[in-house]
Structure formats: structure tokens, C-alpha cells
>>> print(open('work.txt').read())   # compact mmCIF, C-alpha atoms
# COMPACT_ATOMS: atom_id res chain seq x y z
CA MET A 1 -17.89 -39.09 -28.12
CA GLU A 2 -14.19 -38.82 -28.33
CA ARG A 3 -12.33 -41.05 -25.99
CA VAL A 4 -9.84 -38.60 -24.54
CA ILE A 5 -8.65 -37.78 -21.06
CA ASN A 6 -8.30 -34.29 -19.72
CA CYS A 7 -4.76 -33.81 -18.58
CA SER A 8 -3.20 -31.06 -16.48
CA ILE A 9 0.32 -30.92 -15.15
CA LEU A 10 0.93 -28.59 -12.24
CA THR A 11 3.96 -27.51 -10.30
CA PRO A 12 3.76 -25.22 -7.26
CA GLU A 13 5.04 -22.38 -9.41
CA ARG A 14 2.95 -22.73 -12.51
CA LEU A 15 0.64 -24.70 -14.72
CA ILE A 16 2.86 -26.54 -17.18
CA TYR A 17 0.37 -28.28 -19.39
CA GLU A 18 -3.35 -28.42 -19.88
CA GLY A 19 -5.24 -30.17 -22.63
CA GLU A 20 -6.85 -33.31 -23.92
CA VAL A 21 -4.81 -36.36 -24.73
CA GLY A 22 -5.63 -39.77 -26.08
CA PHE A 23 -3.01 -41.73 -24.22
CA ALA A 24 -0.69 -40.65 -21.44
CA VAL A 25 2.40 -42.41 -20.13
CA VAL A 26 3.96 -41.25 -16.89
CA GLN A 27 6.95 -42.39 -14.92
CA ALA A 28 5.54 -43.86 -11.71
CA HIS A 29 7.64 -44.73 -8.69
CA ASP A 30 8.46 -48.22 -9.98
CA GLY A 31 8.12 -47.97 -13.72
CA GLU A 32 6.06 -46.47 -16.46
CA MET A 33 2.32 -46.33 -16.17
CA GLY A 34 -0.13 -45.70 -18.98
CA PHE A 35 -3.54 -44.09 -18.87
CA LEU A 36 -6.36 -44.46 -21.35
CA TYR A 37 -9.95 -43.32 -21.37
CA GLY A 38 -11.95 -45.06 -18.64
CA HIS A 39 -9.10 -45.73 -16.23
CA SER A 40 -10.30 -46.48 -12.72
CA PRO A 41 -9.55 -43.89 -10.02
CA LEU A 42 -5.95 -44.08 -8.95
CA ILE A 43 -3.38 -42.14 -6.99
CA SER A 44 0.25 -42.98 -7.42
CA ARG A 45 3.65 -41.62 -6.58
CA LEU A 46 5.86 -40.49 -9.42
CA GLY A 47 9.50 -41.08 -10.00
CA ILE A 48 11.97 -39.10 -12.06
CA GLY A 49 11.27 -39.61 -15.70
CA GLU A 50 9.62 -38.54 -18.88
CA ILE A 51 5.96 -38.10 -19.61
CA ARG A 52 4.56 -38.83 -23.05
CA LEU A 53 1.23 -37.39 -24.01
CA ASN A 54 -0.04 -38.97 -27.23
CA ASN A 55 -2.51 -37.16 -29.36
CA PRO A 56 -3.67 -38.40 -32.75
CA LYS A 57 -1.34 -36.01 -34.50
CA SER A 58 1.49 -35.25 -32.14
CA VAL A 59 3.30 -36.42 -29.04
CA ASP A 60 4.26 -34.05 -26.24
CA TYR A 61 7.26 -34.82 -24.11
CA LEU A 62 7.83 -33.54 -20.61
CA VAL A 63 10.13 -34.26 -17.69
CA VAL A 64 8.77 -34.75 -14.21
CA GLU A 65 10.97 -35.01 -11.13
CA GLY A 66 8.90 -36.49 -8.36
CA GLY A 67 5.32 -35.88 -7.44
CA VAL A 68 1.92 -37.50 -7.39
CA VAL A 69 -0.46 -38.46 -10.16
CA GLU A 70 -4.20 -38.75 -9.78
CA ILE A 71 -6.79 -39.93 -12.28
CA LYS A 72 -10.50 -39.76 -11.67
CA ASN A 73 -13.43 -39.48 -14.11
CA ASN A 74 -11.01 -39.28 -17.03
CA LYS A 75 -9.25 -36.30 -15.51
CA LEU A 76 -5.54 -36.81 -15.13
CA ILE A 77 -3.78 -34.50 -12.74
CA ILE A 78 -0.06 -34.59 -12.24
CA LEU A 79 1.24 -32.71 -9.23
CA ALA A 80 4.93 -32.48 -9.85
CA GLU A 81 7.62 -31.01 -7.66
CA LYS A 82 9.49 -29.97 -10.75
CA ALA A 83 8.50 -30.31 -14.37
CA PHE A 84 9.85 -29.11 -17.69
CA LYS A 85 8.48 -29.03 -21.16
CA LYS A 86 10.63 -30.21 -23.99
CA SER A 87 10.79 -26.63 -25.24
CA ASP A 88 12.19 -25.49 -21.87
CA LEU A 89 15.23 -27.68 -22.28
CA SER A 90 18.20 -27.26 -24.54
CA ALA A 91 20.28 -30.32 -25.29
CA SER A 92 23.54 -28.43 -25.78
CA GLU A 93 23.28 -26.70 -22.40
CA LEU A 94 22.46 -29.95 -20.68
CA ASP A 95 25.39 -31.61 -22.40
CA LEU A 96 27.70 -29.03 -20.95
CA LYS A 97 26.25 -29.51 -17.50
CA MET A 98 26.62 -33.24 -17.85
CA LYS A 99 30.28 -32.95 -18.73
CA ASP A 100 30.79 -30.61 -15.81
CA LEU A 101 29.17 -33.08 -13.49
CA ASP A 102 31.23 -35.95 -14.83
CA ASN A 103 34.41 -33.99 -14.23
CA GLN A 104 33.35 -33.20 -10.69
CA MET A 105 32.53 -36.83 -10.04
CA ASN A 106 35.82 -38.03 -11.39
CA GLU A 107 37.68 -35.83 -8.96
CA MET A 108 35.85 -37.25 -5.98
CA PRO A 109 36.97 -40.28 -4.03
CA GLN A 110 35.04 -43.47 -4.64
CA TYR A 111 31.93 -44.22 -2.53
CA SER A 112 31.74 -40.78 -0.93
CA GLU A 113 28.46 -39.25 0.14
CA ASP A 114 28.92 -36.23 -2.11
CA LYS A 115 29.42 -38.47 -5.04
CA PHE A 116 26.15 -40.20 -4.30
CA ILE A 117 24.34 -36.84 -4.27
CA LEU A 118 25.91 -35.96 -7.59
CA LYS A 119 24.86 -39.32 -8.94
CA LEU A 120 21.24 -38.43 -8.20
CA GLU A 121 21.76 -35.12 -9.91
CA LYS A 122 23.19 -36.96 -12.88
CA ASP A 123 20.17 -39.23 -13.09
CA ARG A 124 17.96 -36.18 -13.30
CA LEU A 125 20.12 -34.65 -15.99
CA LYS A 126 20.03 -37.88 -17.98
CA VAL A 127 16.26 -37.82 -18.14
CA ARG A 128 16.22 -34.18 -19.10
CA LEU A 129 18.73 -34.84 -21.79
CA LYS A 130 16.73 -37.77 -23.10
CA VAL A 131 13.64 -35.63 -23.45
CA ALA A 132 15.55 -32.69 -24.90
CA ARG A 133 16.88 -34.95 -27.66
CA ARG A 134 13.45 -36.30 -28.60
CA MET B 1 5.86 35.34 5.01
CA ALA B 2 8.64 33.37 3.38
CA ASN B 3 10.24 34.98 0.39
CA GLN B 4 9.68 34.03 -3.21
CA ARG B 5 12.85 32.08 -3.70
CA ASP B 6 12.31 29.91 -0.60
CA ILE B 7 8.85 28.95 -1.74
CA LYS B 8 10.10 28.11 -5.20
CA ARG B 9 12.74 25.86 -3.70
CA ARG B 10 10.10 24.14 -1.56
CA ILE B 11 7.89 23.51 -4.60
CA LYS B 12 10.79 21.98 -6.46
CA SER B 13 11.75 19.68 -3.59
CA VAL B 14 8.16 18.52 -3.05
CA GLY B 15 7.93 17.96 -6.79
CA ASN B 16 11.01 15.74 -6.67
CA THR B 17 9.57 13.73 -3.79
CA LYS B 18 6.38 13.33 -5.75
CA LYS B 19 8.29 11.96 -8.70
CA ILE B 20 9.96 9.40 -6.49
CA THR B 21 6.80 8.30 -4.74
CA SER B 22 4.83 7.99 -7.94
CA THR B 23 7.61 5.86 -9.47
CA MET B 24 7.63 3.68 -6.39
CA GLU B 25 3.90 3.33 -6.71
CA MET B 26 4.27 2.11 -10.27
CA VAL B 27 7.02 -0.31 -9.31
CA ALA B 28 4.91 -1.68 -6.46
CA THR B 29 1.94 -2.05 -8.79
CA SER B 30 3.87 -4.05 -11.33
CA LYS B 31 5.45 -6.24 -8.65
CA MET B 32 2.04 -6.76 -7.14
CA LYS B 33 0.67 -7.93 -10.46
CA LYS B 34 3.51 -10.41 -10.85
CA VAL B 35 2.97 -11.86 -7.38
CA GLN B 36 -0.74 -12.02 -8.04
CA ASP B 37 -0.08 -14.12 -11.14
CA ARG B 38 2.12 -16.49 -9.21
CA LEU B 39 -0.48 -16.72 -6.49
CA ASN B 40 -3.13 -17.62 -9.04
CA GLN B 41 -0.83 -20.21 -10.59
CA SER B 42 -0.07 -21.90 -7.28
CA LYS B 43 -3.63 -21.97 -5.92
CA PRO B 44 -4.81 -25.00 -7.94
CA TYR B 45 -1.80 -26.96 -6.76
CA GLU B 46 -2.56 -26.26 -3.12
CA LEU B 47 -6.21 -27.19 -3.58
CA LYS B 48 -5.26 -30.42 -5.29
CA VAL B 49 -2.79 -31.43 -2.58
CA ASN B 50 -5.47 -30.80 0.04
CA GLU B 51 -7.91 -32.87 -1.95
CA ILE B 52 -5.56 -35.82 -2.20
CA ILE B 53 -4.91 -35.70 1.54
CA LYS B 54 -8.65 -35.71 2.11
CA ASN B 55 -9.08 -38.64 -0.24
CA LEU B 56 -6.39 -40.54 1.62
CA MET B 57 -8.05 -39.85 4.92
CA ALA B 58 -11.41 -40.84 3.53
CA ALA B 59 -9.89 -44.13 2.46
CA GLY B 60 -9.85 -44.89 6.15
CA PHE B 61 -6.15 -44.49 6.51
CA SER B 62 -5.21 -43.63 10.04
CA THR B 63 -3.13 -40.50 10.26
CA ILE B 64 -2.23 -40.39 13.87
CA GLN B 65 0.92 -42.47 13.67
CA HIS B 66 2.68 -40.12 11.34
CA PRO B 67 5.34 -38.08 13.13
CA LEU B 68 4.09 -34.81 11.66
CA PHE B 69 0.77 -35.35 13.42
CA ARG B 70 2.30 -36.22 16.77
CA GLU B 71 1.12 -33.91 19.49
CA VAL B 72 3.08 -33.57 22.67
CA ALA B 73 0.98 -33.94 25.82
CA GLN B 74 2.38 -30.78 27.32
CA PRO B 75 3.80 -28.57 24.61
CA ASN B 76 6.11 -26.02 26.14
CA ARG B 77 8.46 -24.99 23.36
CA CYS B 78 6.96 -23.18 20.39
CA LEU B 79 8.51 -21.68 17.33
CA VAL B 80 6.91 -18.74 15.61
CA VAL B 81 7.94 -18.14 12.02
CA GLN B 82 7.27 -14.55 11.21
CA ILE B 83 7.21 -13.31 7.64
CA THR B 84 7.77 -9.60 7.04
CA GLY B 85 9.40 -7.50 4.38
CA ASN B 86 12.98 -6.35 4.06
CA ARG B 87 12.06 -2.75 3.46
CA GLY B 88 9.89 -0.04 4.91
CA LEU B 89 7.83 2.60 3.14
CA CYS B 90 4.83 0.35 3.06
CA GLY B 91 2.52 1.86 5.63
CA SER B 92 1.62 -0.33 8.58
CA TYR B 93 2.40 -3.62 6.82
CA ASN B 94 5.40 -4.63 8.95
CA THR B 95 4.10 -3.25 12.23
CA ARG B 96 0.82 -5.08 11.93
CA VAL B 97 2.55 -8.43 11.55
CA LEU B 98 4.85 -7.55 14.46
CA ASP B 99 1.88 -6.62 16.65
CA ARG B 100 0.14 -9.86 15.82
CA THR B 101 3.26 -11.86 16.62
CA MET B 102 3.76 -10.10 19.96
CA GLU B 103 0.15 -10.76 20.83
CA LEU B 104 0.58 -14.45 20.05
CA LYS B 105 3.80 -14.56 22.00
CA GLU B 106 2.19 -13.07 25.11
CA GLN B 107 -0.71 -15.44 24.80
CA LEU B 108 1.54 -18.48 24.49
CA GLU B 109 3.75 -17.31 27.32
CA SER B 110 0.76 -16.88 29.60
CA GLU B 111 0.03 -20.53 28.89
CA GLY B 112 3.48 -21.29 30.21
CA LYS B 113 5.15 -22.02 26.89
CA GLU B 114 8.57 -20.93 25.81
CA VAL B 115 8.43 -18.99 22.57
CA LEU B 116 11.21 -18.86 20.02
CA LEU B 117 11.14 -16.50 17.10
CA TYR B 118 12.20 -17.35 13.57
CA VAL B 119 12.32 -13.94 11.93
CA ILE B 120 12.22 -13.49 8.18
CA GLY B 121 12.66 -9.96 6.87
CA LYS B 122 15.19 -7.29 7.70
CA LYS B 123 12.68 -4.82 9.11
CA ALA B 124 11.42 -7.12 11.83
CA ALA B 125 14.96 -8.18 12.71
CA THR B 126 15.94 -4.54 13.26
CA PHE B 127 12.92 -4.10 15.49
CA TYR B 128 13.75 -7.11 17.66
CA ASN B 129 17.34 -5.98 17.90
CA PHE B 130 16.14 -2.57 19.01
CA ILE B 131 13.96 -3.92 21.81
CA LYS B 132 16.74 -6.42 22.58
CA MET B 133 14.61 -9.49 22.15
CA PRO B 134 16.53 -12.68 21.40
CA MET B 135 15.72 -14.42 18.13
CA PHE B 136 16.03 -18.09 17.31
CA LYS B 137 17.04 -17.42 13.76
CA VAL B 138 17.08 -14.50 11.35
CA ALA B 139 16.79 -14.68 7.59
CA GLN B 140 16.27 -12.18 4.84
CA ASN B 141 13.14 -12.18 2.81
CA SER B 142 14.14 -12.99 -0.74
CA GLU B 143 11.12 -11.04 -2.02
CA ASP B 144 10.40 -11.42 -5.74
CA LYS B 145 13.25 -13.88 -6.22
CA PHE B 146 11.48 -16.24 -3.85
CA SER B 147 11.04 -19.69 -5.35
CA PHE B 148 9.47 -22.96 -4.33
CA ASP B 149 12.90 -24.41 -3.62
CA GLU B 150 13.38 -21.94 -0.81
CA ALA B 151 10.02 -22.78 0.70
CA ALA B 152 11.00 -26.43 0.41
CA LYS B 153 14.27 -25.81 2.22
CA LEU B 154 12.54 -23.94 5.03
CA GLY B 155 9.89 -26.65 5.25
CA GLU B 156 12.54 -29.34 5.58
CA GLU B 157 14.34 -27.34 8.24
CA LEU B 158 11.17 -26.88 10.28
CA THR B 159 10.19 -30.52 9.89
CA LYS B 160 13.60 -31.58 11.09
CA ILE B 161 13.50 -29.57 14.30
CA PHE B 162 9.91 -30.59 14.89
CA VAL B 163 10.52 -34.30 14.42
CA SER B 164 13.65 -34.18 16.58
CA GLY B 165 11.40 -33.07 19.44
CA GLU B 166 13.31 -29.85 20.01
CA ILE B 167 10.17 -27.85 19.26
CA HIS B 168 6.66 -28.95 20.12
CA GLU B 169 4.63 -26.54 18.05
CA VAL B 170 5.29 -24.39 15.00
CA TYR B 171 3.25 -21.33 14.10
CA VAL B 172 3.46 -19.04 11.11
CA SER B 173 2.66 -15.37 11.49
CA TYR B 174 2.07 -13.75 8.10
CA THR B 175 -0.32 -11.54 6.19
CA LYS B 176 -3.20 -13.43 4.67
CA VAL B 177 -4.86 -12.31 1.48
CA TYR B 178 -8.61 -12.47 1.98
CA SER B 179 -9.40 -10.77 -1.27
CA PHE B 180 -7.25 -8.80 -3.64
CA ALA B 181 -8.01 -5.61 -1.74
CA ASN B 182 -8.19 -6.99 1.78
CA GLN B 183 -5.25 -8.43 3.69
CA LYS B 184 -4.93 -9.05 7.40
CA PRO B 185 -2.17 -10.40 9.61
CA GLU B 186 -2.86 -14.01 10.50
CA VAL B 187 -1.38 -16.81 12.55
CA VAL B 188 -1.65 -20.42 11.49
CA LYS B 189 -0.47 -23.52 13.28
CA LEU B 190 1.80 -25.38 10.93
CA LEU B 191 2.93 -28.30 13.07
CA PRO B 192 1.71 -30.65 14.36
CA ILE B 193 -0.79 -30.86 11.53
CA SER B 194 -4.16 -31.00 13.23
CA PRO B 195 -6.37 -33.65 11.66
CA GLU B 196 -9.66 -31.84 12.38
CA MET B 197 -8.50 -28.92 10.31
CA GLU B 198 -7.98 -31.09 7.27
CA ILE B 199 -11.03 -33.32 7.23
CA ASP B 200 -14.08 -31.65 5.95
CA TYR B 201 -16.40 -34.63 5.64
CA ASP B 202 -19.14 -32.70 3.89
CA ALA B 203 -16.86 -31.89 1.02
CA LEU B 204 -16.10 -35.54 0.38
CA PRO B 205 -18.02 -37.24 -2.37
CA SER B 206 -18.67 -40.77 -1.16
CA ALA B 207 -17.67 -42.25 -4.49
CA ASN B 208 -14.03 -41.44 -3.80
CA MET B 209 -13.58 -44.45 -1.59
CA ASP B 210 -12.57 -46.77 -4.40
CA TYR B 211 -9.24 -45.24 -5.28
CA ILE B 212 -6.36 -47.48 -6.15
CA PHE B 213 -3.24 -46.39 -4.31
CA GLU B 214 0.17 -47.10 -5.71
CA PRO B 215 2.31 -48.33 -3.99
CA ASN B 216 0.14 -48.01 -0.85
CA PRO B 217 -1.70 -45.26 1.04
CA ALA B 218 0.91 -45.01 3.78
CA ASP B 219 3.68 -44.37 1.33
CA ILE B 220 1.80 -41.69 -0.55
CA PHE B 221 0.77 -40.17 2.72
CA SER B 222 4.26 -39.84 4.06
CA TYR B 223 5.30 -38.37 0.74
CA ILE B 224 2.49 -35.87 0.40
CA LEU B 225 2.53 -34.50 3.95
CA PRO B 226 5.91 -32.79 3.69
CA LEU B 227 4.81 -31.55 0.28
CA TYR B 228 1.69 -30.14 1.88
CA LEU B 229 3.82 -28.25 4.39
CA LYS B 230 6.05 -26.85 1.68
CA VAL B 231 3.15 -25.73 -0.44
CA LYS B 232 1.55 -24.14 2.61
CA LEU B 233 4.73 -22.22 3.39
CA TYR B 234 5.11 -21.22 -0.23
CA THR B 235 1.64 -19.71 -0.38
CA CYS B 236 2.20 -17.97 2.98
CA PHE B 237 5.26 -16.31 1.47
CA LEU B 238 3.48 -15.35 -1.71
CA GLU B 239 0.52 -13.92 0.16
CA SER B 240 2.83 -11.93 2.43
CA SER B 241 4.70 -10.63 -0.56
CA TYR B 242 1.48 -9.64 -2.31
CA SER B 243 0.28 -7.84 0.82
CA GLU B 244 3.57 -6.01 1.12
CA GLN B 245 3.40 -4.71 -2.42
CA PHE B 246 -0.23 -3.80 -1.99
CA ALA B 247 0.49 -1.89 1.22
CA ARG B 248 3.42 -0.15 -0.42
CA ARG B 249 1.31 0.84 -3.37
CA VAL B 250 -1.36 2.35 -1.13
CA ALA B 251 1.22 4.17 0.99
CA MET B 252 2.95 5.58 -2.08
CA LYS B 253 -0.33 6.63 -3.63
CA ASN B 254 -1.20 8.53 -0.46
CA ALA B 255 2.22 10.15 -0.44
CA THR B 256 1.86 11.19 -4.07
CA ASP B 257 -1.57 12.67 -3.42
CA ALA B 258 -0.29 14.55 -0.38
CA ALA B 259 2.58 15.93 -2.44
CA LYS B 260 0.15 17.08 -5.12
CA ASP B 261 -1.94 18.96 -2.54
CA MET B 262 1.16 20.49 -1.05
CA ILE B 263 2.36 21.74 -4.42
CA LYS B 264 -1.03 23.29 -5.08
CA GLU B 265 -1.00 25.16 -1.77
CA LEU B 266 2.57 26.25 -2.20
CA THR B 267 1.86 27.55 -5.71
CA VAL B 268 -1.00 29.65 -4.37
CA THR B 269 1.25 31.07 -1.66
CA TYR B 270 3.97 31.65 -4.23
CA ASN B 271 1.64 33.60 -6.53
CA ARG B 272 0.37 35.65 -3.62
CA VAL B 273 3.90 36.57 -2.54
CA ARG B 274 4.80 37.41 -6.13
CA GLN B 275 1.73 39.62 -6.54
CA ASP B 276 2.49 41.32 -3.23
CA LYS B 277 5.98 42.06 -4.43
CA ILE B 278 4.74 43.51 -7.71
CA THR B 279 2.18 45.65 -5.90
CA THR B 280 4.82 46.93 -3.53
CA GLU B 281 7.17 47.73 -6.43
CA ILE B 282 4.49 49.60 -8.37
CA SER B 283 3.43 51.63 -5.38
CA GLU B 284 7.08 52.42 -4.72
CA ILE B 285 7.54 53.65 -8.32
CA VAL B 286 4.34 55.64 -8.21
CA GLY B 287 5.35 57.05 -4.82
CA GLY B 288 8.83 57.90 -6.14
CA ALA B 289 7.38 59.61 -9.25
CA ALA B 290 4.96 61.61 -7.08
CA ALA B 291 7.82 62.75 -4.86
CA LEU B 292 9.73 64.03 -7.89
CA GLU B 293 6.90 66.28 -9.04
>>> encode(input="work.txt", output="C-alpha cells")
Amino acid sequence: MERVINCSILTPERLIYEGEVGFAVVQAHDGEMGFLYGHSPLISRLGIGEIRLNNPKSVDYLVVEGGVVEIKNNKLIILAEKAFKKSDLSASELDLKMKDLDNQMNEMPQYSEDKFILKLEKDRLKVRLKVARR
Amino acid sequence: MANQRDIKRRIKSVGNTKKITSTMEMVATSKMKKVQDRLNQSKPYELKVNEIIKNLMAAGFSTIQHPLFREVAQPNRCLVVQITGNRGLCGSYNTRVLDRTMELKEQLESEGKEVLLYVIGKKAATFYNFIKMPMFKVAQNSEDKFSFDEAAKLGEELTKIFVSGEIHEVYVSYTKVYSFANQKPEVVKLLPISPEMEIDYDALPSANMDYIFEPNPADIFSYILPLYLKVKLYTCFLESSYSEQFARRVAMKNATDAAKDMIKELTVTYNRVRQDKITTEISEIVGGAAALE
């Protein structure tokens, strides 16, 4: 028998990914977490970060922004608030957005609340950009 | 009997109406299909969130301390979120939700509670303005542009006023989809989340007890509960939207059929009038010719 886990990634709006993978790495709340065949049942919170799904031939990259991951009986389910496939993202567009954001941040006074919110937004963009450039 | 030209004009105008209604029917059908797809896509998510909540509860984690579960001993301020459409021409869709809401309101008021209305949808807002009933808040229904972000925003807003203690209970009045051809107005209690509703012990496989929770059950719990609310709201909106399009489709189909019947009848009348006229003309000619002889 092949030692693969069945993986599905869901957002409230649609099913992003479904398929069998050999090894999955997700961004948990405090760092990356890997799943292989035979993992014990687990539920964890997710952070903002990339997901790598390794198959023998290819690797799929996705971005997840918050959510919950559950694995049970070699079925991995990722309930994300927001998720993007690599093909959904375009590096050049994100670059533009990033520059825009940087400009906005530069105009703001130091240590303001708005700046902090933009900082979070920037963190998200960074991850998206990282995946888009893969 | 009306004259030929009047009838012809009637036929043309009914024909135009028919064109409009049949187009609207097609539009409603295609919108309905789109919403149906989204509904199908979001169902597994909702199920999964429910399952995780159940697993957490089965892990023996006490839920009662969480603020979203907190019940007030004597609830006397309720908020009813009512979801209707922005537009009419959809049969009894809007009125049925309104009726259900009014029923709920009377019932709650007879229990001595103060009821506030959070109205979504232009149609319902016009109605409440007409009967001069005060509303807590009015918003437009964003219809097919509706996204999860909006449900999330609404969910956060409701959670905020609930947790602040301003409101003791939150209800949602919407149209539930029982099957793809059967929808009925429904009221669900959104907050406080009632624990009995969630735990269905029979559905719990006993082997689920050995989950590992990262970082800990409490943390996941307080994260997933607001998510649960948002997902719930999101599906309520999608179901309402599906029902609206379905109702509109049925109404427009009926209108198109009625127009078809009307055209048929009018054509018969038109032919009869035309024949009458011809007969009269012929007999006049024959009469005239006979008089000349």
C-alpha cells in the first residue's frame, strides 16, 4: 500500500485543493508542522504562512492565512479562513501592492495604530509573495 | 367589442412583457445555479467546523465559561437579524420572511422582551418605514457580490454587541433551504450558542477522544467559535439568496405562462374581430351591388 495522506484544503467559499500527498508541511500557530502517513490524530491552529504538499514528482505551494488543521486516519483537513494557490498569485501584482504599502507606511507617524494594522497586512503580503516566487 | 387596432396593440404590449419576464426568468435561473454552486462548496466547511467543535466538546472541555455561551438569567433585550432581498418581483419571498419575523417579535414581546430589528435588504426596510416601525440598523443585501468577508464583518459586529452585554439574545430570521425545491422561512438562535444544540453524542465515535490539541483545547475553542458564527451567518445568507432566486424564477415563470395564455386569447379575439369586419364589408358590397341593379 502506498503511504500517502489524503489532503483537502477548504475555505468557506470554495474547495482549494484535494488530493493525495506524501508529505505535507503547514504553518501552525508557532512554527511549521509536518505530516506523514500514520500521524496521530491532531487538531491545531494555523498561522499565516505557506503550505508545501510534497508528492513524489512535484511540490504544490499554497498560502494559508489563519485557520485550523485536523488530521485523523491519514486524512488531513485544513480549514482556512483564506487560502490561495500558487497559480492564483502573481508576483508582479504583489510587488506593486507591496511598494504601495511601503509608501503608505512611510507616510505614517511612528508607532501609530494604523501602522501596526498595515504591518500585519504587509506580513500577509510577504508570505504571498514568497509563494508566488516559488 | 374593442376594435382591431386596440387588440393588436394589447397583443404587442403583452408580448413585450412576456419577453421581459422570460429574460428575468433566465437571469434568475443562472444566478440560482451560481448560488447553488457556492452553497455546495461551503457545506463541507460548515460540517467540518461543527465536527471539530464536537470533538473539542467530547474531549471533555467545558464550554460554559466562554463568553459566547453565556446566558443571561433574565434576557430582556433581543436582536433579530432579518435577511431579505433588495428587490421585489419574487412572489411571496420577502413577505414570508417578514411575516415570520413579526410572529417572532410578537412572541418575544409577549414574553416581556424588548425586540430590536437588524434589517438587511431594501424591501424589508421600505416595509418597516411604511408601518413606521423603528429599526436598530438597516443594511443593503449585497446579493451575488456577497462574500465571506462580509459575513465575517457582520459576525464580529454581532459578537461585539453581544459580549458587551447590550443585547442578551441574537436571532436570525432567514429562508432555509430544505431541498433544492423547498425553502421555508426559519428563525435560528445565533447567540448565546446553546450547548445542547451542538452536542449530538450519538454521532461521536468514541475513538476521537485521543486527539492532540495544539496549543491547547481552550485556545482552539475560542478561535473556532467566532469562526463557527461567521460560517453560520455566511450559509444563512447564501441560503436566503438561493431562495430569493428560486422564488423569482418561479414567479417569472408563472408570469411568462400567464402572458402566453393572454396572447393566445387575444389572438383569438383579434381574428374574430377581423373576420367580423370582413363579413360586414362583404355584405355591404353585396348589398350595395344589389341596390344598384
>>> atom_distance(input="work.txt", atom1="CA of Leu225 (chain B)", atom2="CA of Ala152 (chain B)")
12.2 Å
>>> closest_residue(input="work.txt", among="B:Lys34, B:Lys48, B:Lys54, B:Lys19", to="Thr11 (chain A)", atoms="all atoms listed in the file")
B:Lys48
>>> residues_around(input="work.txt", residues="Arg45 (chain A)", least_positions_apart="6", cutoff="7 Å", atoms="only C-alpha atoms", output="list in words")
Ala28, His29, Gly67, Val68 and Val69 of chain A; Glu214 and Ile220 of chain B
>>> closest_atom_pairs(input="work.txt", of="chain A", to="chain B", cutoff="7 Å", atoms="all atoms listed in the file", output="CSV")
residue,atom,partner,partner_atom,distance
A:Leu10,CA,B:Tyr45,CA,6.3
A:Thr11,CA,B:Tyr45,CA,6.8
A:Pro12,CA,B:Ser42,CA,5.1
A:Glu13,CA,B:Ser42,CA,5.6
A:Arg14,CA,B:Gln41,CA,4.9
A:Leu15,CA,B:Gln41,CA,6.3
A:Pro41,CA,B:Tyr211,CA,4.9
A:Leu42,CA,B:Ile212,CA,4.4
A:Ile43,CA,B:Phe213,CA,5.0
A:Ser44,CA,B:Glu214,CA,4.5
A:Arg45,CA,B:Ile220,CA,6.3
A:Leu79,CA,B:Tyr45,CA,7.0
>>> write_last_selection(input="work.txt", atoms="C-alpha atoms", output="PDB file, keeping the file's coordinate frame")
ATOM      1  CA  LEU A  10       0.930 -28.590 -12.240  1.00  0.00           C
ATOM      2  CA  THR A  11       3.960 -27.510 -10.300  1.00  0.00           C
ATOM      3  CA  PRO A  12       3.760 -25.220  -7.260  1.00  0.00           C
ATOM      4  CA  GLU A  13       5.040 -22.380  -9.410  1.00  0.00           C
ATOM      5  CA  ARG A  14       2.950 -22.730 -12.510  1.00  0.00           C
ATOM      6  CA  LEU A  15       0.640 -24.700 -14.720  1.00  0.00           C
ATOM      7  CA  PRO A  41      -9.550 -43.890 -10.020  1.00  0.00           C
ATOM      8  CA  LEU A  42      -5.950 -44.080  -8.950  1.00  0.00           C
ATOM      9  CA  ILE A  43      -3.380 -42.140  -6.990  1.00  0.00           C
ATOM     10  CA  SER A  44       0.250 -42.980  -7.420  1.00  0.00           C
ATOM     11  CA  ARG A  45       3.650 -41.620  -6.580  1.00  0.00           C
ATOM     12  CA  LEU A  79       1.240 -32.710  -9.230  1.00  0.00           C
TER      13      LEU A  79
END
>>> closest_residue(input="work.txt", among="A:Glu121, A:Asp114, A:Glu70, A:Glu32", to="Ile9 (chain A)", atoms="all atoms listed in the file")
A:Glu70
>>> closest_residue(input="work.txt", among="B:Phe237, B:Tyr242, B:Tyr178, B:Tyr228", to="Leu68 (chain B)", atoms="only C-alpha atoms")
B:Tyr228
>>> closest_residue(input="work.txt", among="B:Asn182, B:Leu108, B:Leu238, B:Lys160", to="Ser142 (chain B)", atoms="all atoms listed in the file")
B:Leu238
>>> closest_residue(input="work.txt", among="B:Met57, B:Val97, B:Ala181, B:Val163", to="Val250 (chain B)", atoms="all atoms listed in the file")
B:Ala181
>>> residues_around(input="work.txt", residues="Ser58 (chain A)", least_positions_apart="5", cutoff="12 Å", atoms="all atoms listed in the file", output="list in words")
Glu20, Val21, Gly22, Phe23, Arg52 and Leu53 of chain A
>>> atom_distance(input="work.txt", atom1="CA of Val268 (chain B)", atom2="CA of Ile285 (chain B)")
25.8 Å
>>> residues_around(input="work.txt", residues="Asp261 (chain B)", least_positions_apart="5", cutoff="12 Å", atoms="all atoms listed in the file", output="list in words")
Ile11, Val14, Gly15, Lys18, Asn254, Ala255, Thr256, Leu266, Thr267 and Val268 of chain B
>>> build_atoms(input="work.txt", residues="region 16-27 of chain A", atoms="N, CA and C atoms", output="CSV table (one decimal), keeping the file's coordinate frame")
chain,number,residue,atom,x,y,z
A,16,ILE,N,2.0,-26.2,-16.1
A,16,ILE,CA,2.9,-26.5,-17.2
A,16,ILE,C,2.1,-26.9,-18.4
A,17,TYR,N,1.1,-27.8,-18.2
A,17,TYR,CA,0.4,-28.3,-19.4
A,17,TYR,C,-1.1,-28.4,-19.1
A,18,GLU,N,-1.9,-28.2,-20.0
A,18,GLU,CA,-3.4,-28.4,-19.9
A,18,GLU,C,-3.9,-28.7,-21.3
A,19,GLY,N,-4.7,-29.8,-21.3
A,19,GLY,CA,-5.2,-30.2,-22.6
A,19,GLY,C,-5.8,-31.6,-22.7
A,20,GLU,N,-6.3,-32.0,-23.8
A,20,GLU,CA,-6.8,-33.3,-23.9
A,20,GLU,C,-5.9,-34.2,-24.6
A,21,VAL,N,-5.7,-35.4,-24.1
A,21,VAL,CA,-4.8,-36.4,-24.7
A,21,VAL,C,-5.5,-37.7,-24.9
A,22,GLY,N,-5.0,-38.5,-25.9
A,22,GLY,CA,-5.6,-39.8,-26.1
A,22,GLY,C,-5.0,-40.8,-25.2
A,23,PHE,N,-3.7,-40.7,-25.0
A,23,PHE,CA,-3.0,-41.7,-24.2
A,23,PHE,C,-1.9,-41.0,-23.5
A,24,ALA,N,-1.8,-41.3,-22.2
A,24,ALA,CA,-0.7,-40.6,-21.4
A,24,ALA,C,0.2,-41.7,-20.8
A,25,VAL,N,1.5,-41.5,-20.8
A,25,VAL,CA,2.4,-42.4,-20.1
A,25,VAL,C,3.2,-41.6,-19.1
A,26,VAL,N,3.2,-42.0,-17.9
A,26,VAL,CA,4.0,-41.2,-16.9
A,26,VAL,C,5.0,-42.2,-16.2
A,27,GLN,N,5.9,-41.6,-15.6
A,27,GLN,CA,7.0,-42.4,-14.9
A,27,GLN,C,6.5,-42.5,-13.5
